[in-house]
Amino acid sequence: MITKDGRRKIKAKGVSRQTKDIISKNLPETEKIGFSIGKSLKSPLVIAFFGHLGAGKTTLIQSICRGLGIKDYVTSPSFTLINEYPGKLPVYHVDLYRLQNLSEIDDLGLADYFAKKGIILIEWAEKLGKTLPRDAEFIKIDILGEGERKFCISLGLAALLKS
Ligand SMILES: Nc1ncnc2c1ncn2[C@@H]1O[C@H](COP(=O)(O)OP(=O)(O)OP(=O)(O)O)[C@@H](O)[C@H]1O
Ligand SMILES: [Mg+2]
């Protein structure tokens, strides 16, 4: 795993974050990175995941959930858009890929989830627009090659990893 201070910015809907880059050369490295992120998370926390189809959002979230001690197999919520995993910290895995318009967010009651204590992991978070909590942490995934990925992690989250 190569870690370097990327100091680049992610911008989403007017919110920008300084980030740190973590390079994963293959799937097992992603699993290790995700596991250590999961182990370090503190509640309450919202993490917004960005990246194209197949970038690795779900894959990373599965390892983060293992790091959080979730024993169930984590799959992306499709019909419900939100899966809940009770545990030491309640974890909510949200996948907004199929979200058609912002009014559905009200139907989902996402604002209620944001008010709860827990860890909220959101794929396709850009669909939330201004509904995305301003203190959300970011992870943006770029595909570098067939098995290689770059995770741009907001500095607030990177700081948790160090402690
Ligand atoms: N280093 C790596 N890290 C993560 N995934 C990798 C890596 N190398 C290869 N992959 C593969 O990339 C794919 C990532 O798929 P995944 O479903 O996690 O993407 P996603 O970003 O959630 O896509 P979607 O937008 O469709 O939900 C998987 O098939 C995974 O095995
Ligand atoms: Mg996915």
# chains A, B, ... in the order shown; residues from 1 in each chain; ligands from 1

call {"tool": "residues_around", "arguments": {"residues": "Lys25 (chain A)", "least_positions_apart": "3", "cutoff": "12 Å", "atoms": "only C-alpha atoms", "output": "PyMOL selection string"}}
result
chain A and resi 1-3+22+28-33+143-151

call {"tool": "select_by_dssp", "arguments": {"residues": "chain A", "states": "alpha helix (DSSP H)", "output": "ChimeraX atom specification"}}
result
/A:27-40,57-67,103-108,110-115,155-162

call {"tool": "residues_near_ligand", "arguments": {"ligand": "ligand 2", "cutoff": "12 Å", "atoms": "only C-alpha atoms and all ligand atoms", "output": "MDAnalysis selection string"}}
result
chainID A and resid 49:62 74:78 81 93:98 121:125 141

call {"tool": "write_last_selection", "arguments": {"atoms": "C-alpha atoms", "output": "CSV table (one decimal), in the first residue's frame"}}
result
chain,number,residue,atom,x,y,z
A,49,PHE,CA,-18.5,7.6,-1.7
A,50,PHE,CA,-17.8,8.9,-5.2
A,51,GLY,CA,-16.6,7.0,-8.2
A,52,HIS,CA,-17.8,5.5,-11.5
A,53,LEU,CA,-19.6,2.2,-11.9
A,54,GLY,CA,-17.3,-0.7,-10.8
A,55,ALA,CA,-14.8,1.7,-9.1
A,56,GLY,CA,-15.0,-0.3,-5.9
A,57,LYS,CA,-17.4,1.5,-3.6
A,58,THR,CA,-19.3,-1.6,-2.5
A,59,THR,CA,-16.1,-3.6,-2.3
A,60,LEU,CA,-14.5,-1.1,0.0
A,61,ILE,CA,-17.7,-0.7,2.1
A,62,GLN,CA,-17.8,-4.5,2.6
A,74,VAL,CA,-22.7,-6.9,3.2
A,75,THR,CA,-24.5,-6.5,-0.2
A,76,SER,CA,-25.5,-3.3,-1.8
A,77,PRO,CA,-29.1,-2.3,-1.0
A,78,SER,CA,-31.0,-2.2,-4.3
A,81,LEU,CA,-31.8,1.7,-1.0
A,93,HIS,CA,-25.4,1.3,3.9
A,94,VAL,CA,-27.1,3.5,1.4
A,95,ASP,CA,-26.9,3.1,-2.4
A,96,LEU,CA,-28.6,5.9,-4.4
A,97,TYR,CA,-27.7,4.6,-7.9
A,98,ARG,CA,-31.4,4.0,-8.6
A,121,LEU,CA,-22.0,4.9,4.2
A,122,ILE,CA,-23.5,6.3,1.0
A,123,GLU,CA,-22.8,5.2,-2.6
A,124,TRP,CA,-23.6,7.7,-5.3
A,125,ALA,CA,-23.7,10.4,-2.6
A,141,ILE,CA,-12.3,6.1,-5.9

call {"tool": "residues_around", "arguments": {"residues": "Ser154 (chain A)", "least_positions_apart": "6", "cutoff": "6 Å", "atoms": "only C-alpha atoms", "output": "list in words"}}
result
Arg17, Gln18, Thr19, Glu137 and Phe138 of chain A

call {"tool": "closest_residue", "arguments": {"among": "A:Ser36, A:Ser103, A:Ser43, A:Ser63", "to": "ligand 1", "atoms": "only C-alpha atoms and all ligand atoms"}}
result
A:Ser63

call {"tool": "select_by_dssp", "arguments": {"residues": "region 4-160 of chain A", "states": "strand (DSSP E or B)", "output": "ChimeraX atom specification"}}
result
/A:4-12,15-24,45-50,82-85,91-95,119-123,137-143,149-154

call {"tool": "decode", "arguments": {"residues": "region 61-99 of chain A", "atoms": "N, CA and C atoms", "output": "compact mmCIF listing (two decimals), in the first residue's frame"}}
result
# COMPACT_ATOMS: atom_id res chain seq x y z
N ILE A 61 -16.72 -0.77 0.98
CA ILE A 61 -17.70 -0.72 2.08
C ILE A 61 -17.80 -2.09 2.76
N GLN A 62 -17.74 -3.18 1.96
CA GLN A 62 -17.79 -4.53 2.57
C GLN A 62 -16.64 -4.71 3.56
N SER A 63 -15.44 -4.24 3.20
CA SER A 63 -14.29 -4.40 4.11
C SER A 63 -14.39 -3.46 5.30
N ILE A 64 -14.91 -2.26 5.06
CA ILE A 64 -15.11 -1.32 6.17
C ILE A 64 -16.06 -1.97 7.19
N CYS A 65 -17.11 -2.60 6.70
CA CYS A 65 -18.09 -3.24 7.59
C CYS A 65 -17.45 -4.38 8.36
N ARG A 66 -16.54 -5.12 7.72
CA ARG A 66 -15.84 -6.17 8.46
C ARG A 66 -15.00 -5.56 9.57
N GLY A 67 -14.37 -4.43 9.27
CA GLY A 67 -13.57 -3.72 10.28
C GLY A 67 -14.44 -3.21 11.43
N LEU A 68 -15.71 -2.97 11.12
CA LEU A 68 -16.65 -2.52 12.16
C LEU A 68 -17.25 -3.70 12.92
N GLY A 69 -16.81 -4.91 12.56
CA GLY A 69 -17.25 -6.09 13.30
C GLY A 69 -18.55 -6.70 12.79
N ILE A 70 -18.98 -6.29 11.60
CA ILE A 70 -20.24 -6.86 11.07
C ILE A 70 -19.94 -8.23 10.46
N LYS A 71 -20.67 -9.22 10.91
CA LYS A 71 -20.40 -10.59 10.48
C LYS A 71 -21.22 -10.96 9.23
N ASP A 72 -22.39 -10.33 9.07
CA ASP A 72 -23.22 -10.64 7.90
C ASP A 72 -22.49 -10.25 6.63
N TYR A 73 -22.82 -10.93 5.52
CA TYR A 73 -22.26 -10.51 4.24
C TYR A 73 -22.97 -9.23 3.80
N VAL A 74 -22.17 -8.24 3.50
CA VAL A 74 -22.73 -6.92 3.15
C VAL A 74 -22.94 -6.86 1.64
N THR A 75 -24.20 -6.66 1.25
CA THR A 75 -24.48 -6.49 -0.19
C THR A 75 -25.10 -5.11 -0.37
N SER A 76 -24.98 -4.61 -1.60
CA SER A 76 -25.51 -3.28 -1.84
C SER A 76 -27.03 -3.30 -1.77
N PRO A 77 -27.62 -2.36 -1.05
CA PRO A 77 -29.09 -2.32 -1.03
C PRO A 77 -29.60 -1.89 -2.39
N SER A 78 -30.51 -2.61 -2.99
CA SER A 78 -30.97 -2.20 -4.31
C SER A 78 -32.41 -1.73 -4.25
N PHE A 79 -33.31 -2.61 -3.82
CA PHE A 79 -34.72 -2.24 -3.80
C PHE A 79 -35.00 -1.22 -2.71
N THR A 80 -34.46 -1.48 -1.53
CA THR A 80 -34.75 -0.61 -0.38
C THR A 80 -33.90 0.65 -0.36
N LEU A 81 -32.77 0.62 -1.02
CA LEU A 81 -31.76 1.70 -1.04
C LEU A 81 -31.00 1.85 0.27
N ILE A 82 -31.53 1.31 1.37
CA ILE A 82 -30.80 1.39 2.64
C ILE A 82 -30.79 0.01 3.30
N ASN A 83 -29.60 -0.49 3.67
CA ASN A 83 -29.49 -1.70 4.49
C ASN A 83 -28.96 -1.28 5.85
N GLU A 84 -29.53 -1.89 6.89
CA GLU A 84 -29.09 -1.55 8.24
C GLU A 84 -28.41 -2.78 8.85
N TYR A 85 -27.25 -2.56 9.45
CA TYR A 85 -26.52 -3.64 10.13
C TYR A 85 -26.34 -3.26 11.58
N PRO A 86 -27.09 -3.89 12.47
CA PRO A 86 -26.92 -3.57 13.88
C PRO A 86 -25.60 -4.16 14.38
N GLY A 87 -25.02 -3.55 15.34
CA GLY A 87 -23.75 -4.05 15.89
C GLY A 87 -23.31 -3.11 16.97
N LYS A 88 -22.02 -3.15 17.25
CA LYS A 88 -21.41 -2.24 18.22
C LYS A 88 -21.85 -0.81 17.90
N LEU A 89 -21.72 -0.47 16.61
CA LEU A 89 -22.27 0.80 16.11
C LEU A 89 -23.26 0.43 15.01
N PRO A 90 -24.47 1.01 15.01
CA PRO A 90 -25.36 0.71 13.89
C PRO A 90 -24.77 1.26 12.59
N VAL A 91 -24.82 0.45 11.54
CA VAL A 91 -24.26 0.87 10.25
C VAL A 91 -25.39 0.89 9.23
N TYR A 92 -25.46 1.96 8.47
CA TYR A 92 -26.47 2.10 7.41
C TYR A 92 -25.73 2.20 6.09
N HIS A 93 -25.98 1.25 5.19
CA HIS A 93 -25.36 1.26 3.86
C HIS A 93 -26.43 1.73 2.89
N VAL A 94 -26.17 2.87 2.28
CA VAL A 94 -27.15 3.50 1.39
C VAL A 94 -26.57 3.47 -0.03
N ASP A 95 -27.37 3.06 -1.00
CA ASP A 95 -26.91 3.09 -2.40
C ASP A 95 -27.96 3.84 -3.22
N LEU A 96 -27.59 5.01 -3.70
CA LEU A 96 -28.57 5.89 -4.36
C LEU A 96 -28.54 5.77 -5.88
N TYR A 97 -27.86 4.73 -6.39
CA TYR A 97 -27.73 4.62 -7.86
C TYR A 97 -29.09 4.69 -8.55
N ARG A 98 -30.07 4.04 -7.94
CA ARG A 98 -31.39 3.98 -8.59
C ARG A 98 -32.31 5.14 -8.24
N LEU A 99 -31.78 6.08 -7.46
CA LEU A 99 -32.62 7.22 -7.07
C LEU A 99 -32.95 8.06 -8.31
